[in-house]
Structures are given as structure tokens and as C-alpha cells.
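Participant: This is the structure I want to talk about, given as C-alpha cells.
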2 protein chains.
Amino acid sequence: MEFHGQIDRRQQKTRLAIYRAFSSLLMEKSFAAITVQDIIDEANVGRSTFYSHFSTKEDLIDGLCKEIFSHVFSEPEGPGADHDFSHSRYNIDDELAHILYHLRSSSDLIIPMISSDCSEMFLRHYRTELAGIFSKDEDGTDDFWTFMLIGGFVETSRWYLSHVEMTPESAVEMFMEVYGRLLPDERS
Amino acid sequence: MEFHGQIDRRQQKTRLAIYRAFSSLLMEKSFAAITVQDIIDEANVGRSTFYSHFSTKEDLIDGLCKEIFSHVFSEPEGPGADHDFSHSRYNIDDELAHILYHLRSSSDLIIPMISSDCSEMFLRHYRTELAGIFSKDEDGTDDFWTFMLIGGFVETSRWYLSHVEMTPESAVEMFMEVYGRLLPDERS
DNA sequence: TGTGTTACTGAACAAAATGTTCATTAACTA
DNA sequence: TAGTTAATGAACATTTTGTTCAGTAACACA
């Protein structure tokens with residue numbers, strides 16, 4: 001076993017083809033109605049290839065969510081990216097805007113999911129990630145207000161994603177109008 | 001074709017057995033992992049019986065949701081029921097408490113659903129019903145604030161259902177602390 | 001550029017799940 | 001009680017799932 005500086009490009013290509021095929025299918029039929037065979041045909045990969053990457057449709061969603069959130073909840077980028085929030089990541093407004101910014105760049109994959117009967121699986125991942133931002137406690141034993149805060153930002157994100165005219169900043173501003181006073185540093 | 005004053009009790013019995021079996025299964029495995037055969041075995045009904053009632057697992061959920069919400073969003077009962085909100089249904093607080101009251105009486109069926117990978121199907125029904133209460137427009141073209149209001153009450157309901165110590169009134173009170181100023185009659 | 005490694009292929013297969021049919025039996029309504 | 005309707009369960013064709021494997025192509029790295 002040796003260290004790999006590079007991941008095999010064939011794997012990335014296959015996974016992306018499957019993710020895209022899945023999203024595409026989700027726009028025309030429900031998650032329940034999509035078969036593994038559908039995905040294989042749409043992605044144009046071999047049957048055994050699919051099963052060497054994912055054990056089930058649900059496992060596929062898990063992989064897709066991890067892929068998406070590895071981008072969304074990444075550490076701050078240095079200068080050079082086409083956006084720069086790195087100077088102000090400890091400002092909660094900017095951190096939330098940063099998240100929304102990344103969500104939109106993956107919206108081709110996200111919108112089909114949150115519009116379908118598998119939205120729960122995506123949102124469960126999203127909530128878990130958001131808990132890291134909104135929770136005071138580390139042990140996940142949150143109170144009602146934190147629960148509402150997370151739920152409120154999930155709703156804000158859903159609205160934002162389905163309204164192209166919204167900017168991350170305007171979405172966060174509207175979120176703050178409702179939830180600003182619930183934030184940990186605003187509370188007694 | 002004649003009018004039926006009574007619905008056949010055998011149908012009710014079968015449907016209830018299937019609903020209960022489904023809820024029970026949902027507590028031990030995911031919706032995706034549950035097969036029609038599982039439900040048939042657990043409910044102890046014949047294969048053809050299941051398919052004469054429901055075409056798919058998803059159809060089952062639809063039926064279950066309609067069943068639940070026909071109770072929750074029923075017209076006000078007259079005196080004689082073990083609760084009486086009928087004198088004050090035009091007070092929004094009481095109307096919301098009324099809903100939560102009914103949700104708890106069906107919590108055996110609801111909690112397994114909202115805790116699982118089919119929560120989306122239940123919540124979609126619930127949102128639709130809530131839109132009738134929170135929406136100003138009839139045509140479903142709601143604004144951000146109404147969207148958040150509905151989402152907020154869904155979250156409140158989820159919290160309430162998983163915390164047995166909460167009363168409908170205390171849940172509504174907490175909801176109002178966050179959302180009271182967003183209600184249509186409070187807005188400019 | 002060559003070499004050893006790894007991923008993809010696709011056909012073939014068994015197993016499981018789906019969805020339908022129908023003659024029979026049981027339960028219901030009126 | 002009579003007529004109607006629902007439940008049963010076995011049998012069946014079909015679809016979907018998940019695995020195997022020998023052959024082929026693409027890869028990383030030296």
C-alpha cells in the first residue's frame with residue numbers, strides 16, 4: 001500500500017457521470033420510480049461499475065451529499081478564488097453567505113434533490129453540517145431555539161435556491177430579520 | 001350505484017392494519033428497506049388485498065397522510081368532544097394549538113414517518129394543509145415571509161412531537177415568540 | 001516510453017420483489 | 001335472509017437487484 005498523490009481520474013469521471021445521470025432522472029421522475037438500471041443507462045456505465053461505487057440508490061445520495069458539502073463547508077480559500085470571504089469568516093453573516101454562495105454553484109445537483117421525494121436525505125446532511133455552526137453545545141443536545149435556527153436557515157436556503165434573483169447577501173439579510181435575535185451571541 | 005351510508009368495516013380494518021404495520025416497520029428499518037412483502041406479513045393481510053388498496057408504498061403514505069389530516073384539519077367539533085376549541089377558532093393561537101393537539105393523538109403513526117427517510121412525503125402534505133392557514137393569497141404564490149412562517153410551524157410541530165413534556169399551548173407560545181410579528185395581521 | 005496496477009465492461013446468473021389473476025371463502029349492509 | 005362486496009392465497013410472468021468473472025482499457029509513475 002502506497003500513498004497516492006493523485007486519485008484515479010476514471011473514478012472521478014464515473015462518479016460524476018452517475019451523479020449527473022441521477023440528477024437528470026430526478027427531474028423527470030420520482031426517486032422511488034428511478035431504478036439502478038435507469039441510472040446505469042443514463043450515466044452510460046457498466047452495471048458492475050455502478051455497484052463497485054455504490055451499494056444502493058441511497059448510498060449514491062450519501063456520496064453525492066458528501067461530495068457537495070466537501071465544497072460548501074470547506075476551509076476558507078486563500079486569495080485567488082473568484083470569491084473571497086476569507087478575511088471575515090468569523091462574522092456569522094459572511095459565513096452564512098459563504099455557504100449560500102457554494103450551494104448555488106452546485107444547484108444543478110441540489111435542486112433536483114430538494115424538489116423530490118429524497119429531499120430528506122439531503123436535508124439531513126445539511127442540518128448536520130449547519131449544527132456545527134449554530135450549536136453551542138458540541139454534543140448535539142440542542143435546545144428549541146437552536147433547532148429553530150437551523151430549521152430557519154434550511155428554509156432560507158430552500159427559498160434562495162429556487163429564486164435565482166436572490167443574492168446570498170439578501171437571503172442572509174432576510175434570514176437575520178427573523179432569526180438575528182436568536183443567534184447565540186445575541187442571546188442572554 | 002347507490003349511496004352508502006356506511007363504509008365497509010372490513011376495509012377500515014384492513015387499512016388500519018396496514019397503516020399500523022407500516023409504522024411499526026418504519027421504527028426498525030428505513031422506508032427504502034421496507035418491501036411490500038414486509039408490510040403484508042406484518043399486517044397479516046393477503047397480497048392481493050394490499051394491492052387492491054394501494055398501488056405502491058408511496059400510495060400507502062398518501063393514504064395514511066390523508067387519513068391523519070382528515071382528523072387534524074377537520075371542521076370544529078361541537079361540544080361533547082374531549083377538547084373544545086370550537087368557541088375560538090378564529091383566534092390563530094388556538095387554531096394552531098388545535099392542530100398540535102390532534103397531531104399528538106396520531107403521533108403513533110406520525111413520529112415513525114417524520115423520523116424516517118419518508119418524512120418528505122408527510123411534510124409535503126402538512127405544508128399544503130398549513131398553507132390554507134398561513135397564506136394570504138389563495139393561488140399559492142406566497143412570499144418569503146409566508147414560506148418561513150409555514151416552515152417555522154413545521155419545525156415547531158416536529159419539536160413538539162418529539163418532546164412529550166410540551167403542551168400544544170407552550171409550543172404555540174414558543175412559536176409565536178419567533179414568528180408572531182410575521183403573521184399576516186401583524187404585518188403592515 | 002514502458003510497466004505494473006487499477007478501473008471499467010458486459011454478459012450471465014441467482015435471488016428477490018413486484019404486480020396481476022382468479023376461484024373460493026368470509027363478512028358486510030340493508 | 002339475500003345480495004353484494006372484500007379478503008384470501010396460490011400461481012404466475014415480469015422486473016429489479018446484486019454478484020461474479022474473464023477480458024479490455026486507462027491510469028500513475030518511473
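Residue numbers start at 1 in each chain; chains themselves are named A, B, ... in the order of the C-alpha cells; ligands are numbered from 1 in the order shown.
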Using only C-alpha atoms, what does the table of chain B residues within 7 Å of chain A look like, with each row giving the shortest atom pair and its distance in Å to one decimal, sorted by chain and ascending number, as a Markdown table?
Facilitator:
| residue | atom | partner | partner_atom | distance |
| --- | --- | --- | --- | --- |
| B:Asp117 | CA | A:Glu120 | CA | 6.0 |
| B:Ser119 | CA | A:Glu120 | CA | 6.5 |
| B:Glu120 | CA | A:Glu120 | CA | 5.7 |
| B:Met121 | CA | A:Asp117 | CA | 6.6 |
| B:Met148 | CA | A:Glu155 | CA | 6.6 |
| B:Gly151 | CA | A:Glu155 | CA | 6.5 |
| B:Gly152 | CA | A:Gly152 | CA | 6.7 |
| B:Glu155 | CA | A:Gly151 | CA | 6.5 |
Participant: Generate the output file for the selected residues, C-alpha atoms, as a PDB file, in the first residue's frame.
Facilitator:
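Now in selection.pdb:
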ATOM      1  CA  ASP B 117     -36.462   8.718   5.083  1.00  0.00           C
ATOM      2  CA  SER B 119     -40.602  12.368   6.143  1.00  0.00           C
ATOM      3  CA  GLU B 120     -40.693  14.464   2.992  1.00  0.00           C
ATOM      4  CA  MET B 121     -43.948  12.847   1.876  1.00  0.00           C
ATOM      5  CA  MET B 148     -40.866  30.943   6.543  1.00  0.00           C
ATOM      6  CA  GLY B 151     -41.591  26.219   7.654  1.00  0.00           C
ATOM      7  CA  GLY B 152     -41.351  27.559  11.182  1.00  0.00           C
ATOM      8  CA  GLU B 155     -40.306  22.828  12.736  1.00  0.00           C
TER       9      GLU B 155
END
Participant: Which residues of chain C have any atom within 10 Å of an atom in chain B when counting only C-alpha atoms (C1' of nucleotides), and what is the closest pair of atoms for each, with the distance in Å to one decimal? Order the rows by chain and rising number and write it as a Markdown table.
Facilitator:
| residue | atom | partner | partner_atom | distance |
| --- | --- | --- | --- | --- |
| C:DA17 | C1' | B:Thr35 | CA | 7.5 |
| C:DT18 | C1' | B:Val36 | CA | 8.5 |
| C:DG19 | C1' | B:Tyr51 | CA | 8.0 |
| C:DT20 | C1' | B:Ser48 | CA | 8.5 |
| C:DT21 | C1' | B:Ser48 | CA | 9.5 |
| C:DA27 | C1' | B:Arg10 | CA | 7.4 |
| C:DC28 | C1' | B:Asp8 | CA | 6.5 |
| C:DT29 | C1' | B:Gln6 | CA | 8.0 |
Participant: Create the file for the chosen residues now, containing N, CA and C atoms (P, O5', C5', C4', C3', O3' and C1' of nucleotides) and written as a PDB file, in the first residue's frame.
Facilitator:
ATOM      1  P    DA C  17     -36.939  -9.439  -0.878  1.00  0.00           P
ATOM      2  O5'  DA C  17     -37.779  -8.664  -1.984  1.00  0.00           O
ATOM      3  C5'  DA C  17     -37.152  -7.627  -2.719  1.00  0.00           C
ATOM      4  C4'  DA C  17     -38.125  -7.112  -3.743  1.00  0.00           C
ATOM      5  C3'  DA C  17     -39.542  -6.905  -3.215  1.00  0.00           C
ATOM      6  O3'  DA C  17     -39.916  -5.564  -3.450  1.00  0.00           O
ATOM      7  C1'  DA C  17     -39.557  -8.184  -5.224  1.00  0.00           C
ATOM      8  P    DT C  18     -41.402  -5.058  -3.265  1.00  0.00           P
ATOM      9  O5'  DT C  18     -41.973  -5.192  -4.744  1.00  0.00           O
ATOM     10  C5'  DT C  18     -41.275  -4.598  -5.826  1.00  0.00           C
ATOM     11  C4'  DT C  18     -42.039  -4.832  -7.102  1.00  0.00           C
ATOM     12  C3'  DT C  18     -43.494  -4.403  -7.040  1.00  0.00           C
ATOM     13  O3'  DT C  18     -43.729  -3.523  -8.128  1.00  0.00           O
ATOM     14  C1'  DT C  18     -43.296  -6.594  -7.914  1.00  0.00           C
ATOM     15  P    DG C  19     -44.946  -2.498  -8.014  1.00  0.00           P
ATOM     16  O5'  DG C  19     -46.115  -3.296  -8.736  1.00  0.00           O
ATOM     17  C5'  DG C  19     -45.941  -3.643 -10.102  1.00  0.00           C
ATOM     18  C4'  DG C  19     -46.952  -4.687 -10.518  1.00  0.00           C
ATOM     19  C3'  DG C  19     -48.400  -4.433 -10.078  1.00  0.00           C
ATOM     20  O3'  DG C  19     -49.192  -4.485 -11.252  1.00  0.00           O
ATOM     21  C1'  DG C  19     -47.796  -6.664  -9.703  1.00  0.00           C
ATOM     22  P    DT C  20     -50.756  -4.197 -11.202  1.00  0.00           P
ATOM     23  O5'  DT C  20     -51.362  -5.556 -11.788  1.00  0.00           O
ATOM     24  C5'  DT C  20     -50.617  -6.271 -12.763  1.00  0.00           C
ATOM     25  C4'  DT C  20     -51.255  -7.612 -13.031  1.00  0.00           C
ATOM     26  C3'  DT C  20     -52.771  -7.664 -12.896  1.00  0.00           C
ATOM     27  O3'  DT C  20     -53.309  -8.247 -14.058  1.00  0.00           O
ATOM     28  C1'  DT C  20     -51.768  -9.400 -11.621  1.00  0.00           C
ATOM     29  P    DT C  21     -54.905  -8.268 -14.287  1.00  0.00           P
ATOM     30  O5'  DT C  21     -55.267  -9.817 -14.113  1.00  0.00           O
ATOM     31  C5'  DT C  21     -54.383 -10.821 -14.592  1.00  0.00           C
ATOM     32  C4'  DT C  21     -54.865 -12.183 -14.108  1.00  0.00           C
ATOM     33  C3'  DT C  21     -56.382 -12.302 -13.942  1.00  0.00           C
ATOM     34  O3'  DT C  21     -56.852 -13.425 -14.666  1.00  0.00           O
ATOM     35  C1'  DT C  21     -55.260 -13.025 -11.972  1.00  0.00           C
ATOM     36  P    DA C  27     -65.662 -14.352   8.870  1.00  0.00           P
ATOM     37  O5'  DA C  27     -66.207 -12.951   8.357  1.00  0.00           O
ATOM     38  C5'  DA C  27     -65.296 -12.008   7.810  1.00  0.00           C
ATOM     39  C4'  DA C  27     -66.053 -10.794   7.327  1.00  0.00           C
ATOM     40  C3'  DA C  27     -67.093 -10.288   8.335  1.00  0.00           C
ATOM     41  O3'  DA C  27     -66.869  -8.902   8.537  1.00  0.00           O
ATOM     42  C1'  DA C  27     -68.087 -10.620   6.189  1.00  0.00           C
ATOM     43  P    DC C  28     -67.650  -8.151   9.644  1.00  0.00           P
ATOM     44  O5'  DC C  28     -68.668  -7.303   8.753  1.00  0.00           O
ATOM     45  C5'  DC C  28     -68.140  -6.325   7.859  1.00  0.00           C
ATOM     46  C4'  DC C  28     -69.137  -6.016   6.769  1.00  0.00           C
ATOM     47  C3'  DC C  28     -70.418  -5.373   7.259  1.00  0.00           C
ATOM     48  O3'  DC C  28     -70.284  -3.971   7.201  1.00  0.00           O
ATOM     49  C1'  DC C  28     -70.784  -6.979   5.493  1.00  0.00           C
ATOM     50  P    DT C  29     -71.401  -3.077   7.881  1.00  0.00           P
ATOM     51  O5'  DT C  29     -72.498  -2.935   6.734  1.00  0.00           O
ATOM     52  C5'  DT C  29     -72.112  -2.519   5.423  1.00  0.00           C
ATOM     53  C4'  DT C  29     -73.343  -2.419   4.549  1.00  0.00           C
ATOM     54  C3'  DT C  29     -74.503  -1.646   5.166  1.00  0.00           C
ATOM     55  O3'  DT C  29     -75.101  -0.828   4.169  1.00  0.00           O
ATOM     56  C1'  DT C  29     -75.204  -3.870   4.635  1.00  0.00           C
TER      57       DT C  29
END
Participant: Do you have, as a Markdown table, the list of residues of chain D lying at most 9 Å from chain A, each with its nearest atom pair and that distance in Å to one decimal, counting only C-alpha atoms (C1' of nucleotides) and ordered by chain then number?
Facilitator:
| residue | atom | partner | partner_atom | distance |
| --- | --- | --- | --- | --- |
| D:DT16 | C1' | A:Thr35 | CA | 7.6 |
| D:DT17 | C1' | A:Val36 | CA | 8.4 |
| D:DG18 | C1' | A:Tyr51 | CA | 7.9 |
| D:DT19 | C1' | A:Ser48 | CA | 8.5 |
| D:DA26 | C1' | A:Arg10 | CA | 7.4 |
| D:DC27 | C1' | A:Asp8 | CA | 6.6 |
| D:DA28 | C1' | A:Gln6 | CA | 7.7 |
Participant: Here is a test: counting only C-alpha atoms (C1' of nucleotides), which residue of D:DC29, D:DA6, D:DA22, D:DA13 is nearest to C:DT5?
Facilitator: D:DC29
